[in-house]
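Novice: Have a look at this one.
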Amino acid sequence: MNIEPLTPHLGAQIDGFDLSDLSGGRADQLEEMFYTHRVLVFRNQELDRDAHKAVGRVFGELHVHPSKKAFGIKGDPEIFKVRAEADTVKVNGGRWHMDVSCDENPPTGSILRLLELPPHGGDTVFCDMSRAFETLSGPMQRMLIELDARHDGQRDLRWYGLTPDPGQTYPSWVHPVVTAHPVSGRPVLFVNEGFTEDIVDMSYDESRAILAMLFDHVARNPGLQCRATWEPGTVVMWDNRAVQHFAVHDYAPHPRLGERVSVVGKGPPIAWGRD
Ligand code: SIN
């Protein structure tokens, strides 16, 4: 097996590790790589749906996306489809976000495989949210660690121009703005443009200004980021409590089709740095 870092601080490409064989301590090895590099890009994998789900179960119980929960889904509720067609305007994940941070226990991580790739482009970009926090000034860090923010599933829906179907509810949950990573304990800046609606106990204008600054901090700093490229057989997984991601839609009118499995978080995000 070869581990090649994508950048000095975030992400690694793993060659020579077969995700369909997690026997004999290999699941532990996978977990260790995951929490060390936080974004893993595996090449030359041959996973079917069951094998894809088995990789997710290494990390815990599989997550069912809120968009599916209301309807007693048939088939594979744990499979979340990522689909861009020729005329898609807003692709799944086409702005900076952590997956389903509006849940009480946001996913530990997600594992994505593409079934149909565009001829070029369609990368997934990741941002290291510990470095995002650590590169803010001391006064800004000290203010943020006292704050909580509301994450709302309907904010995500609105961006796509959707409203909930009758009977469908989306979670809305308050989390600390700076969380302790559940494994490493490192601080994580835990707000994202996809789901974070406002900062609690602040005026609308204060909240909007602070969130806009933090969203810009993520978007405008390629030095905090790494980029996963896709080939046939690539599987990418990310630590959703440590990074944000952005699916780059630069390949229209070509389609891009994938399936994602996410893992339920083991508990709610815990504040970092409070007395
Ligand atoms: C997502 O999970 O947000 C989709 C990522 C991608 O399609 O690259």
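By convention here, the chains of the structure tokens are called A, B, ... in the order presented, each chain's residues are numbered starting at 1, and ligands are numbered starting at 1 in the order presented.
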Could the residues of chain A that have an atom at most 7 Å from ligand 1 be listed as a Markdown table, each with its closest atom pair and the distance in Å to one decimal, counting only C-alpha atoms and all ligand atoms and ordered by chain and ascending residue number?

Specialist:
| residue | atom | partner | partner_atom_place_in_ligand_line | distance |
| --- | --- | --- | --- | --- |
| A:Val82 | CA | ligand 1 | 7 (O) | 5.8 |
| A:Asn92 | CA | ligand 1 | 4 (C) | 5.5 |
| A:Gly93 | CA | ligand 1 | 3 (O) | 3.5 |
| A:Gly94 | CA | ligand 1 | 3 (O) | 6.9 |
| A:Asp99 | CA | ligand 1 | 3 (O) | 6.6 |
| A:Gly122 | CA | ligand 1 | 8 (O) | 6.9 |
| A:Asp123 | CA | ligand 1 | 8 (O) | 6.3 |
| A:Thr124 | CA | ligand 1 | 8 (O) | 4.4 |
| A:His245 | CA | ligand 1 | 3 (O) | 6.5 |
| A:Phe246 | CA | ligand 1 | 3 (O) | 6.4 |
| A:Ala247 | CA | ligand 1 | 8 (O) | 4.2 |
| A:Gly258 | CA | ligand 1 | 7 (O) | 6.9 |
| A:Arg260 | CA | ligand 1 | 2 (O) | 6.6 |

Novice: Which distance in Å separates atom CA of A:Gly24 and atom CA of A:Ser262, to one decimal?

Specialist: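 Computing the Euclidean distance for atom CA of A:Gly24 and atom CA of A:Ser262 yields 23.6 Å.
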
Novice: Which one is closest to A:Asp15: A:Pro119, A:Gly233, A:Gly223, A:Pro171? Count only C-alpha atoms.

Specialist: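 Among A:Pro119, A:Gly233, A:Gly223, A:Pro171, it is A:Gly233 that comes nearest to A:Asp15.
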
Novice: Would you kindly return, as a list of chain:residue names, each protein, DNA or RNA residue with an atom no farther than 12 Å from any atom of A:Gly121, considering only C-alpha atoms and excluding same-chain residues fewer than 6 positions away?

Specialist: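 Skipping anything fewer than 6 positions along the chain leaves A:Arg227, A:Ala228, A:Thr229, A:Trp230, A:Glu231, A:Ala247, A:Val248, A:His249, A:Asp250, A:Tyr251, A:Ala252, A:Pro253, A:His254, A:Pro255, A:Arg256.
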
Novice: Quick one: everything within 6 Å of A:Val243, counting only C-alpha atoms, minus sequence neighbours fewer than 2 positions away in the same chain. Send it as a ChimeraX atom specification.

Specialist: /A:127-129,240

Novice: Please return, as an MDAnalysis selection string, all residues of stretch 32-181 of chain A that DSSP assigns to helix (DSSP H, G or I) on the basis of the backbone.

Specialist: chainID A and resid 32:37 49:57 66:69 129:134 138:144 153:159

Novice: Include N, CA and C atoms and write out the residues we just selected as a JSON list (two decimals), in the first residue's frame.

Specialist:
[["chain", "number", "residue", "atom", "x", "y", "z"],
["A", 32, "GLU", "N", -7.78, 4.41, 10.90],
["A", 32, "GLU", "CA", -6.62, 5.22, 11.27],
["A", 32, "GLU", "C", -6.25, 6.18, 10.15],
["A", 33, "MET", "N", -6.27, 5.68, 8.91],
["A", 33, "MET", "CA", -5.95, 6.56, 7.77],
["A", 33, "MET", "C", -6.97, 7.68, 7.66],
["A", 34, "PHE", "N", -8.23, 7.33, 7.90],
["A", 34, "PHE", "CA", -9.33, 8.29, 7.77],
["A", 34, "PHE", "C", -9.14, 9.45, 8.75],
["A", 35, "TYR", "N", -8.88, 9.13, 10.02],
["A", 35, "TYR", "CA", -8.78, 10.20, 11.01],
["A", 35, "TYR", "C", -7.45, 10.94, 10.92],
["A", 36, "THR", "N", -6.45, 10.32, 10.30],
["A", 36, "THR", "CA", -5.18, 11.02, 10.11],
["A", 36, "THR", "C", -5.27, 12.02, 8.97],
["A", 37, "HIS", "N", -5.79, 11.57, 7.82],
["A", 37, "HIS", "CA", -5.75, 12.42, 6.60],
["A", 37, "HIS", "C", -7.06, 13.15, 6.34],
["A", 49, "ARG", "N", -22.99, -1.97, -4.34],
["A", 49, "ARG", "CA", -23.69, -1.25, -3.26],
["A", 49, "ARG", "C", -23.44, -1.86, -1.89],
["A", 50, "ASP", "N", -23.48, -3.20, -1.82],
["A", 50, "ASP", "CA", -23.30, -3.84, -0.52],
["A", 50, "ASP", "C", -21.90, -3.58, 0.02],
["A", 51, "ALA", "N", -20.92, -3.67, -0.86],
["A", 51, "ALA", "CA", -19.54, -3.44, -0.42],
["A", 51, "ALA", "C", -19.36, -1.97, -0.02],
["A", 52, "HIS", "N", -20.02, -1.09, -0.74],
["A", 52, "HIS", "CA", -19.97, 0.35, -0.41],
["A", 52, "HIS", "C", -20.54, 0.57, 1.00],
["A", 53, "LYS", "N", -21.68, -0.06, 1.29],
["A", 53, "LYS", "CA", -22.29, 0.09, 2.61],
["A", 53, "LYS", "C", -21.41, -0.54, 3.69],
["A", 54, "ALA", "N", -20.75, -1.64, 3.33],
["A", 54, "ALA", "CA", -19.87, -2.30, 4.33],
["A", 54, "ALA", "C", -18.72, -1.38, 4.71],
["A", 55, "VAL", "N", -18.23, -0.59, 3.77],
["A", 55, "VAL", "CA", -17.17, 0.37, 4.11],
["A", 55, "VAL", "C", -17.73, 1.38, 5.11],
["A", 56, "GLY", "N", -18.95, 1.86, 4.85],
["A", 56, "GLY", "CA", -19.57, 2.82, 5.79],
["A", 56, "GLY", "C", -19.71, 2.25, 7.18],
["A", 57, "ARG", "N", -20.07, 0.97, 7.27],
["A", 57, "ARG", "CA", -20.33, 0.36, 8.59],
["A", 57, "ARG", "C", -19.07, 0.21, 9.43],
["A", 66, "PRO", "N", -32.42, 13.14, 5.37],
["A", 66, "PRO", "CA", -33.76, 13.60, 5.75],
["A", 66, "PRO", "C", -34.73, 13.64, 4.57],
["A", 67, "SER", "N", -34.24, 13.84, 3.36],
["A", 67, "SER", "CA", -35.15, 13.90, 2.21],
["A", 67, "SER", "C", -35.83, 12.56, 1.98],
["A", 68, "LYS", "N", -35.31, 11.50, 2.57],
["A", 68, "LYS", "CA", -35.89, 10.17, 2.36],
["A", 68, "LYS", "C", -36.69, 9.68, 3.56],
["A", 69, "LYS", "N", -36.50, 10.33, 4.71],
["A", 69, "LYS", "CA", -37.01, 9.74, 5.96],
["A", 69, "LYS", "C", -38.53, 9.71, 6.03],
["A", 129, "MET", "N", -11.28, 22.41, 8.19],
["A", 129, "MET", "CA", -11.95, 23.37, 9.07],
["A", 129, "MET", "C", -11.23, 23.57, 10.41],
["A", 130, "SER", "N", -10.23, 22.74, 10.70],
["A", 130, "SER", "CA", -9.37, 23.04, 11.86],
["A", 130, "SER", "C", -8.40, 24.15, 11.48],
["A", 131, "ARG", "N", -7.77, 24.02, 10.33],
["A", 131, "ARG", "CA", -6.88, 25.10, 9.88],
["A", 131, "ARG", "C", -7.68, 26.38, 9.62],
["A", 132, "ALA", "N", -8.92, 26.24, 9.18],
["A", 132, "ALA", "CA", -9.75, 27.43, 8.96],
["A", 132, "ALA", "C", -9.89, 28.20, 10.28],
["A", 133, "PHE", "N", -10.09, 27.46, 11.38],
["A", 133, "PHE", "CA", -10.19, 28.12, 12.69],
["A", 133, "PHE", "C", -8.83, 28.67, 13.12],
["A", 134, "GLU", "N", -7.81, 27.82, 12.97],
["A", 134, "GLU", "CA", -6.49, 28.19, 13.50],
["A", 134, "GLU", "C", -5.87, 29.37, 12.76],
["A", 138, "GLY", "N", -6.50, 35.83, 16.94],
["A", 138, "GLY", "CA", -6.85, 35.48, 18.33],
["A", 138, "GLY", "C", -8.16, 36.12, 18.78],
["A", 139, "PRO", "N", -8.34, 37.45, 18.58],
["A", 139, "PRO", "CA", -9.61, 38.06, 19.02],
["A", 139, "PRO", "C", -10.83, 37.43, 18.35],
["A", 140, "MET", "N", -10.72, 37.11, 17.08],
["A", 140, "MET", "CA", -11.85, 36.48, 16.39],
["A", 140, "MET", "C", -12.10, 35.08, 16.96],
["A", 141, "GLN", "N", -11.04, 34.32, 17.18],
["A", 141, "GLN", "CA", -11.20, 32.97, 17.76],
["A", 141, "GLN", "C", -11.89, 33.06, 19.12],
["A", 142, "ARG", "N", -11.47, 34.03, 19.94],
["A", 142, "ARG", "CA", -12.03, 34.13, 21.29],
["A", 142, "ARG", "C", -13.51, 34.48, 21.24],
["A", 143, "MET", "N", -13.91, 35.29, 20.27],
["A", 143, "MET", "CA", -15.34, 35.60, 20.16],
["A", 143, "MET", "C", -16.12, 34.36, 19.70],
["A", 144, "LEU", "N", -15.59, 33.66, 18.69],
["A", 144, "LEU", "CA", -16.35, 32.56, 18.09],
["A", 144, "LEU", "C", -16.58, 31.40, 19.05],
["A", 153, "GLY", "N", -32.05, 22.50, 7.64],
["A", 153, "GLY", "CA", -32.15, 21.74, 6.39],
["A", 153, "GLY", "C", -32.92, 22.49, 5.30],
["A", 154, "GLN", "N", -33.83, 23.37, 5.73],
["A", 154, "GLN", "CA", -34.61, 24.10, 4.73],
["A", 154, "GLN", "C", -33.77, 25.15, 4.01],
["A", 155, "ARG", "N", -32.71, 25.62, 4.64],
["A", 155, "ARG", "CA", -31.79, 26.55, 3.96],
["A", 155, "ARG", "C", -31.18, 25.85, 2.75],
["A", 156, "ASP", "N", -30.79, 24.61, 2.96],
["A", 156, "ASP", "CA", -30.21, 23.82, 1.87],
["A", 156, "ASP", "C", -31.24, 23.66, 0.73],
["A", 157, "LEU", "N", -32.45, 23.29, 1.11],
["A", 157, "LEU", "CA", -33.52, 23.12, 0.10],
["A", 157, "LEU", "C", -33.76, 24.38, -0.70],
["A", 158, "ARG", "N", -33.80, 25.51, 0.02],
["A", 158, "ARG", "CA", -34.09, 26.80, -0.64],
["A", 158, "ARG", "C", -33.06, 27.10, -1.72],
["A", 159, "TRP", "N", -31.81, 26.75, -1.44],
["A", 159, "TRP", "CA", -30.74, 27.04, -2.42],
["A", 159, "TRP", "C", -31.01, 26.31, -3.74]]

Novice: Could you pull the residues within 12 Å of A:His151, counting only C-alpha atoms, minus those fewer than 2 positions along the same chain, as an MDAnalysis selection string?

Specialist: chainID A and resid 97:106 148:149 153:156 170:177 190:200 211

Novice: Based on DSSP run over this structure's backbone, return all residues of stretch 179-219 of chain A in strand (DSSP E), as a list in words.

Specialist: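 Matching residues for strand (DSSP E) in stretch 179-219 of chain A are Thr179, Ala180, Pro187, Val188, Leu189, Thr196, Glu197, Asp198 and Ile199 of chain A.
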
Novice: Using only C-alpha atoms, find the one residue out of A:Glu259, A:Asp152, A:Asp28, A:Glu78 that sits nearest to A:Asp48.

Specialist: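 Closest to A:Asp48, using only C-alpha atoms: A:Glu259.
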
Novice: Find the distance between atom CA of A:Pro8 and atom CA of A:Pro222 and write it in Å to one decimal.

Specialist: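 Pair atom CA of A:Pro8 / atom CA of A:Pro222 returns 13.0 Å.
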
Novice: Counting only C-alpha atoms, give me one row per residue of stretch 24-45 of chain A with an atom at most 12 Å from an atom of stretch 109-116 of chain A, showing the shortest contact pair and its distance in Å to one decimal, sorted by chain then residue number, as a Markdown table.

Specialist:
| residue | atom | partner | partner_atom | distance |
| --- | --- | --- | --- | --- |
| A:Glu31 | CA | A:Gly109 | CA | 10.9 |
| A:Phe34 | CA | A:Gly109 | CA | 9.2 |
| A:Tyr35 | CA | A:Gly109 | CA | 10.1 |
| A:Arg38 | CA | A:Gly109 | CA | 9.1 |
| A:Val39 | CA | A:Gly109 | CA | 9.6 |
| A:Leu40 | CA | A:Ile111 | CA | 9.3 |
| A:Val41 | CA | A:Leu112 | CA | 9.8 |
| A:Phe42 | CA | A:Arg113 | CA | 9.8 |
| A:Arg43 | CA | A:Arg113 | CA | 10.5 |
| A:Asn44 | CA | A:Arg113 | CA | 11.2 |
| A:Gln45 | CA | A:Arg113 | CA | 9.2 |

Novice: Could you dump the residues just selected with N, CA, C and O atoms as an mmCIF file, in the first residue's frame?

Specialist:
data_model
loop_
_atom_site.group_PDB
_atom_site.id
_atom_site.type_symbol
_atom_site.label_atom_id
_atom_site.label_comp_id
_atom_site.auth_asym_id
_atom_site.auth_seq_id
_atom_site.Cartn_x
_atom_site.Cartn_y
_atom_site.Cartn_z
ATOM 1 N N GLU A 31 -9.718 3.057 9.412
ATOM 2 C CA GLU A 31 -10.127 4.115 10.354
ATOM 3 C C GLU A 31 -8.952 5.018 10.710
ATOM 4 O O GLU A 31 -9.082 6.234 10.777
ATOM 5 N N PHE A 34 -8.228 7.330 7.900
ATOM 6 C CA PHE A 34 -9.329 8.292 7.769
ATOM 7 C C PHE A 34 -9.141 9.454 8.749
ATOM 8 O O PHE A 34 -9.230 10.626 8.367
ATOM 9 N N TYR A 35 -8.881 9.125 10.018
ATOM 10 C CA TYR A 35 -8.785 10.199 11.005
ATOM 11 C C TYR A 35 -7.449 10.939 10.916
ATOM 12 O O TYR A 35 -7.341 12.065 11.386
ATOM 13 N N ARG A 38 -8.140 12.641 6.839
ATOM 14 C CA ARG A 38 -9.478 13.265 6.824
ATOM 15 C C ARG A 38 -10.139 13.307 5.440
ATOM 16 O O ARG A 38 -11.347 13.457 5.349
ATOM 17 N N VAL A 39 -9.353 13.216 4.393
ATOM 18 C CA VAL A 39 -9.898 13.019 3.041
ATOM 19 C C VAL A 39 -9.062 11.920 2.408
ATOM 20 O O VAL A 39 -7.824 12.033 2.344
ATOM 21 N N LEU A 40 -9.730 10.831 1.984
ATOM 22 C CA LEU A 40 -8.991 9.705 1.386
ATOM 23 C C LEU A 40 -9.501 9.474 -0.025
ATOM 24 O O LEU A 40 -10.720 9.395 -0.253
ATOM 25 N N VAL A 41 -8.561 9.358 -0.967
ATOM 26 C CA VAL A 41 -8.899 9.100 -2.375
ATOM 27 C C VAL A 41 -8.330 7.728 -2.727
ATOM 28 O O VAL A 41 -7.108 7.538 -2.728
ATOM 29 N N PHE A 42 -9.210 6.782 -2.973
ATOM 30 C CA PHE A 42 -8.804 5.415 -3.329
ATOM 31 C C PHE A 42 -8.993 5.229 -4.827
ATOM 32 O O PHE A 42 -10.037 5.607 -5.368
ATOM 33 N N ARG A 43 -8.010 4.612 -5.481
ATOM 34 C CA ARG A 43 -8.116 4.325 -6.913
ATOM 35 C C ARG A 43 -8.389 2.839 -7.138
ATOM 36 O O ARG A 43 -8.136 2.006 -6.261
ATOM 37 N N ASN A 44 -8.883 2.529 -8.330
ATOM 38 C CA ASN A 44 -9.020 1.144 -8.813
ATOM 39 C C ASN A 44 -9.861 0.262 -7.888
ATOM 40 O O ASN A 44 -9.489 -0.882 -7.617
ATOM 41 N N GLN A 45 -10.956 0.797 -7.403
ATOM 42 C CA GLN A 45 -11.834 0.014 -6.531
ATOM 43 C C GLN A 45 -12.970 -0.593 -7.344
ATOM 44 O O GLN A 45 -13.401 -0.014 -8.345
#

Novice: Can you write out as JSON lines which residues of stretch 107-188 of chain A fall within 6 Å of stretch 268-272 of chain A, alongside each residue's closest atom pair and its distance in Å to one decimal, counting only C-alpha atoms and ordering rows by chain and ascending residue number?

Specialist:
{"residue": "A:Pro176", "atom": "CA", "partner": "A:Ala271", "partner_atom": "CA", "distance": 5.3}
{"residue": "A:Val178", "atom": "CA", "partner": "A:Trp272", "partner_atom": "CA", "distance": 5.7}
{"residue": "A:Thr179", "atom": "CA", "partner": "A:Ala271", "partner_atom": "CA", "distance": 4.4}
{"residue": "A:Ala180", "atom": "CA", "partner": "A:Trp272", "partner_atom": "CA", "distance": 4.7}
{"residue": "A:Pro187", "atom": "CA", "partner": "A:Trp272", "partner_atom": "CA", "distance": 5.9}

Novice: Closest to A:Leu6 among A:Leu162, A:Ala84, A:Val188, A:Val125, using only C-alpha atoms?

Specialist: A:Val125

Novice: What's the separation between atom CA of A:Leu224 and atom CA of A:His9, in Å to one decimal place?

Specialist: 8.3 Å
